[in-house]
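Data block below; observations after.
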Amino acid sequence: MKVIGITGGVGAGKSQVLSHLRERPDCLVIVADQVAHELEEPGGVCYEQIVALLGAEILAEDGRIDKGRMAARIFGDPALLARVNGIVHPAVKRCITERIDAERKAGRVRYLFIEAALLIEDGYEQIVDELWYIHAGEGTRRQRLKASRHYSEEKIAGILRRQLTEEEFRSHCQTVIDNSGALADTYGQIDRKLEEYL
């Protein structure tokens, strides 16, 4: 089983790539955000620690963590955000590592893909065999973010400033999938790349 990390800037179309991979019977996709959500549910390994740190006011009526309340609590407080990330990110990475081990033993799939916003920054290079960079030009990404998420130019500029540069993404990744054009072209690149591994 080959473990591949998927990364790329906001608006590059990573979710389109993941949806194509999910349709292939030889692929399994793990999304770090979904793992984090599971771990923050009541009974999850991060739940008690987050509630202890941020207080019961972040909880909804049903006892679950209310994402909006949690975001409001840590908004504008980088130190508090860092402490929350210090709880969640290592736990997510541990959980993903355990899932990789379980899938290796099960031998059900040929490829396991991991998508995480901070794949490079959080050191996932140590647990994957290869990194793929999903690329789209900045102009294309800006248009997509305005059309799909209705982001303002100011918001987009702020997000882009906080992300890795094109050069940084490329220096860490072994494969570049160009998602600037038609989806059929992107899917063709993915399928050809997976066939190369066989």
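We name chains A, B, ... following the order of the structure tokens; residues begin at 1 in each chain, and ligands are numbered from 1 as shown.
Scanning region 32-125 of chain A with DSSP on the backbone, the strand (DSSP E or B) assignments fall on A:Leu59, A:Ile65, A:Tyr111, A:Leu112, A:Phe113, A:Ile114, A:Glu115.
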Selection file, N, CA, C and O atoms, as a CSV table (one decimal), in the first residue's frame:
```
chain,number,residue,atom,x,y,z
A,59,LEU,N,-19.9,24.8,24.7
A,59,LEU,CA,-20.7,23.7,24.4
A,59,LEU,C,-22.1,24.0,23.9
A,59,LEU,O,-22.7,25.0,24.4
A,65,ILE,N,-19.2,20.2,21.2
A,65,ILE,CA,-18.5,21.5,21.1
A,65,ILE,C,-19.2,22.2,19.9
A,65,ILE,O,-19.3,21.7,18.8
A,111,TYR,N,-3.9,2.2,-2.5
A,111,TYR,CA,-3.4,3.6,-2.2
A,111,TYR,C,-4.2,4.2,-1.1
A,111,TYR,O,-5.4,4.1,-1.0
A,112,LEU,N,-3.5,4.8,-0.1
A,112,LEU,CA,-4.2,5.5,1.0
A,112,LEU,C,-3.8,7.0,0.9
A,112,LEU,O,-2.6,7.3,0.9
A,113,PHE,N,-4.8,7.9,0.7
A,113,PHE,CA,-4.5,9.3,0.6
A,113,PHE,C,-4.8,10.0,1.8
A,113,PHE,O,-5.9,9.8,2.5
A,114,ILE,N,-4.0,11.0,2.2
A,114,ILE,CA,-4.2,11.8,3.4
A,114,ILE,C,-4.3,13.3,2.9
A,114,ILE,O,-3.4,13.8,2.3
A,115,GLU,N,-5.4,14.0,3.3
A,115,GLU,CA,-5.5,15.4,3.0
A,115,GLU,C,-5.5,16.2,4.4
A,115,GLU,O,-6.3,15.8,5.2
```
Determine, using only C-alpha atoms, which residues of region 37-150 of chain A have any atom at most 10 Å from an atom of region 9-21 of chain A, and tabulate each with its shortest atom pair and distance in Å to one decimal place, rows ordered by chain and then rising number, as CSV.
```
residue,atom,partner,partner_atom,distance
A:Tyr111,CA,A:Leu21,CA,9.4
A:Leu112,CA,A:Leu21,CA,9.6
A:Phe113,CA,A:Leu21,CA,8.3
A:Ile114,CA,A:Leu18,CA,9.4
A:Glu115,CA,A:Lys14,CA,8.2
A:Ala117,CA,A:Gly9,CA,8.5
A:Tyr133,CA,A:Gly9,CA,8.8
A:Ile134,CA,A:Ala12,CA,6.2
A:His135,CA,A:Ala12,CA,5.7
A:Ala136,CA,A:Ala12,CA,5.0
A:Gly137,CA,A:Ala12,CA,7.9
A:Glu138,CA,A:Ala12,CA,8.5
A:Gly139,CA,A:Gly11,CA,10.0
A:Thr140,CA,A:Gly11,CA,7.9
A:Arg141,CA,A:Gly11,CA,4.5
A:Arg142,CA,A:Gly11,CA,7.0
A:Gln143,CA,A:Gly11,CA,8.5
A:Arg144,CA,A:Gly11,CA,6.0
A:Leu145,CA,A:Gly11,CA,5.8
A:Lys146,CA,A:Gly11,CA,9.5
A:Ser148,CA,A:Gly11,CA,9.1
A:Arg149,CA,A:Gly11,CA,9.5
```
Next item on the list: Excluding Ile100 (chain A) and residues on its chain fewer than 6 positions from it, collect all residues at most 10 Å away from it, counting only C-alpha atoms, and give them as a count of residues only.
Entry: 11
Notebook entry, point to check: When you draw a straight line from CA of Ile177 (chain A) to CA of Glu130 (chain A), how long is it in Å?
Noted result: 13.1 Å
Note to self: Just want the 10 Å neighbourhood of Arg108 (chain A), counted on only C-alpha atoms, with same-chain residues fewer than 2 positions away dropped. Output as a VMD selection string.
What the structure shows: chain A and resid 1 25 to 28 103 to 106 110 to 111
Take the residues just selected and output them with all heavy atoms as an mmCIF file, in the first residue's frame.
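See again18.cif below for the written result:
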```
data_model
loop_
_atom_site.group_PDB
_atom_site.id
_atom_site.type_symbol
_atom_site.label_atom_id
_atom_site.label_comp_id
_atom_site.auth_asym_id
_atom_site.auth_seq_id
_atom_site.Cartn_x
_atom_site.Cartn_y
_atom_site.Cartn_z
ATOM 1 N N MET A 1 0.848 -1.200 0.000
ATOM 2 C CA MET A 1 0.000 0.000 0.000
ATOM 3 C C MET A 1 0.881 1.247 0.000
ATOM 4 O O MET A 1 1.799 1.356 0.801
ATOM 5 C CB MET A 1 -0.894 -0.002 1.240
ATOM 6 C CG MET A 1 -1.898 1.141 1.271
ATOM 7 S SD MET A 1 -2.916 1.124 2.775
ATOM 8 C CE MET A 1 -1.790 1.848 3.966
ATOM 9 N N PRO A 25 -11.978 2.041 -6.501
ATOM 10 C CA PRO A 25 -12.016 0.986 -5.480
ATOM 11 C C PRO A 25 -10.652 0.685 -4.857
ATOM 12 O O PRO A 25 -10.592 0.084 -3.787
ATOM 13 C CB PRO A 25 -12.550 -0.226 -6.247
ATOM 14 C CG PRO A 25 -12.280 0.069 -7.688
ATOM 15 C CD PRO A 25 -12.316 1.558 -7.842
ATOM 16 N N ASP A 26 -9.560 1.119 -5.514
ATOM 17 C CA ASP A 26 -8.222 0.827 -4.983
ATOM 18 C C ASP A 26 -7.684 1.933 -4.075
ATOM 19 O O ASP A 26 -6.539 1.870 -3.635
ATOM 20 C CB ASP A 26 -7.233 0.559 -6.130
ATOM 21 C CG ASP A 26 -7.133 1.716 -7.130
ATOM 22 O OD1 ASP A 26 -7.922 2.690 -7.020
ATOM 23 O OD2 ASP A 26 -6.273 1.643 -8.030
ATOM 24 N N CYS A 27 -8.529 2.947 -3.793
ATOM 25 C CA CYS A 27 -8.081 4.099 -2.994
ATOM 26 C C CYS A 27 -8.930 4.289 -1.733
ATOM 27 O O CYS A 27 -10.139 4.070 -1.756
ATOM 28 C CB CYS A 27 -8.182 5.392 -3.811
ATOM 29 S SG CYS A 27 -7.090 5.457 -5.232
ATOM 30 N N LEU A 28 -8.269 4.720 -0.676
ATOM 31 C CA LEU A 28 -8.955 5.147 0.551
ATOM 32 C C LEU A 28 -8.479 6.559 0.860
ATOM 33 O O LEU A 28 -7.290 6.851 0.737
ATOM 34 C CB LEU A 28 -8.622 4.212 1.711
ATOM 35 C CG LEU A 28 -9.213 4.600 3.071
ATOM 36 C CD1 LEU A 28 -10.729 4.408 3.079
ATOM 37 C CD2 LEU A 28 -8.586 3.782 4.190
ATOM 38 N N GLU A 103 -4.721 -0.290 7.958
ATOM 39 C CA GLU A 103 -4.986 -0.547 6.531
ATOM 40 C C GLU A 103 -3.866 -1.371 5.901
ATOM 41 O O GLU A 103 -4.117 -2.196 5.038
ATOM 42 C CB GLU A 103 -5.183 0.768 5.766
ATOM 43 C CG GLU A 103 -6.518 1.440 6.025
ATOM 44 C CD GLU A 103 -7.725 0.573 5.644
ATOM 45 O OE1 GLU A 103 -7.637 -0.226 4.684
ATOM 46 O OE2 GLU A 103 -8.765 0.685 6.312
ATOM 47 N N ARG A 104 -2.635 -1.132 6.344
ATOM 48 C CA ARG A 104 -1.509 -1.953 5.835
ATOM 49 C C ARG A 104 -1.743 -3.428 6.175
ATOM 50 O O ARG A 104 -1.532 -4.314 5.354
ATOM 51 C CB ARG A 104 -0.188 -1.492 6.457
ATOM 52 C CG ARG A 104 0.445 -0.305 5.761
ATOM 53 C CD ARG A 104 1.905 -0.154 6.173
ATOM 54 N NE ARG A 104 2.391 1.199 5.994
ATOM 55 C CZ ARG A 104 2.702 1.754 4.831
ATOM 56 N NH1 ARG A 104 2.557 1.073 3.708
ATOM 57 N NH2 ARG A 104 3.146 2.994 4.776
ATOM 58 N N LYS A 105 -2.175 -3.657 7.423
ATOM 59 C CA LYS A 105 -2.430 -5.037 7.869
ATOM 60 C C LYS A 105 -3.612 -5.648 7.113
ATOM 61 O O LYS A 105 -3.582 -6.816 6.744
ATOM 62 C CB LYS A 105 -2.714 -5.059 9.376
ATOM 63 C CG LYS A 105 -1.480 -4.804 10.228
ATOM 64 C CD LYS A 105 -1.762 -5.062 11.712
ATOM 65 C CE LYS A 105 -0.557 -4.688 12.559
ATOM 66 N NZ LYS A 105 -0.602 -3.293 13.026
ATOM 67 N N ALA A 106 -4.654 -4.845 6.896
ATOM 68 C CA ALA A 106 -5.871 -5.356 6.241
ATOM 69 C C ALA A 106 -5.636 -5.647 4.759
ATOM 70 O O ALA A 106 -6.244 -6.565 4.199
ATOM 71 C CB ALA A 106 -7.012 -4.355 6.415
ATOM 72 N N ARG A 110 -4.877 -0.306 -2.468
ATOM 73 C CA ARG A 110 -3.527 -0.132 -3.014
ATOM 74 C C ARG A 110 -2.951 1.234 -2.619
ATOM 75 O O ARG A 110 -1.755 1.391 -2.440
ATOM 76 C CB ARG A 110 -3.604 -0.261 -4.536
ATOM 77 C CG ARG A 110 -2.265 -0.350 -5.211
ATOM 78 C CD ARG A 110 -2.426 -0.659 -6.683
ATOM 79 N NE ARG A 110 -2.573 -2.085 -6.903
ATOM 80 C CZ ARG A 110 -3.452 -2.626 -7.739
ATOM 81 N NH1 ARG A 110 -4.274 -1.867 -8.424
ATOM 82 N NH2 ARG A 110 -3.510 -3.935 -7.907
ATOM 83 N N TYR A 111 -3.852 2.243 -2.502
ATOM 84 C CA TYR A 111 -3.414 3.606 -2.196
ATOM 85 C C TYR A 111 -4.223 4.193 -1.055
ATOM 86 O O TYR A 111 -5.447 4.089 -1.043
ATOM 87 C CB TYR A 111 -3.584 4.526 -3.419
ATOM 88 C CG TYR A 111 -2.974 3.973 -4.678
ATOM 89 C CD1 TYR A 111 -3.790 3.459 -5.693
ATOM 90 C CD2 TYR A 111 -1.594 3.942 -4.866
ATOM 91 C CE1 TYR A 111 -3.245 2.940 -6.848
ATOM 92 C CE2 TYR A 111 -1.039 3.424 -6.016
ATOM 93 C CZ TYR A 111 -1.871 2.920 -7.007
ATOM 94 O OH TYR A 111 -1.322 2.396 -8.140
#
```
Margin query: I want to know what sits within 9 Å of region 38-40 of chain A, based on only C-alpha atoms, with residues of the same chain fewer than 4 positions away left out; could you give that as an MDAnalysis selection string?
Written below: chainID A and resid 33:34 44:48 50 64:65 88 91:92 95
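Distance check against Thr97 (chain A) using only C-alpha atoms: of A:Asp77, A:Glu153, A:Glu166, A:Glu125, the minimum falls on A:Glu125.
Residue nearest Leu194 (chain A), chosen from A:Phe169, A:Phe75, A:Trp132, A:Tyr151 and counting only C-alpha atoms: A:Trp132.
Atom pair CA of Ala116 (chain A) / CA of Gly43 (chain A) has a distance of 22.9 Å (rounded to one decimal).
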Note to self: Residues of chain A classed as alpha helix (DSSP H) by DSSP on the backbone are to be reported as a PyMOL selection string.
What the structure shows: chain A and resi 14-23+32-39+47-54+67-74+78-106+138-149+153-162+166-172+183-197
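With CA of Lys67 (chain A) on one side and CA of Ile4 (chain A) on the other, the separation reads 29.0 Å.
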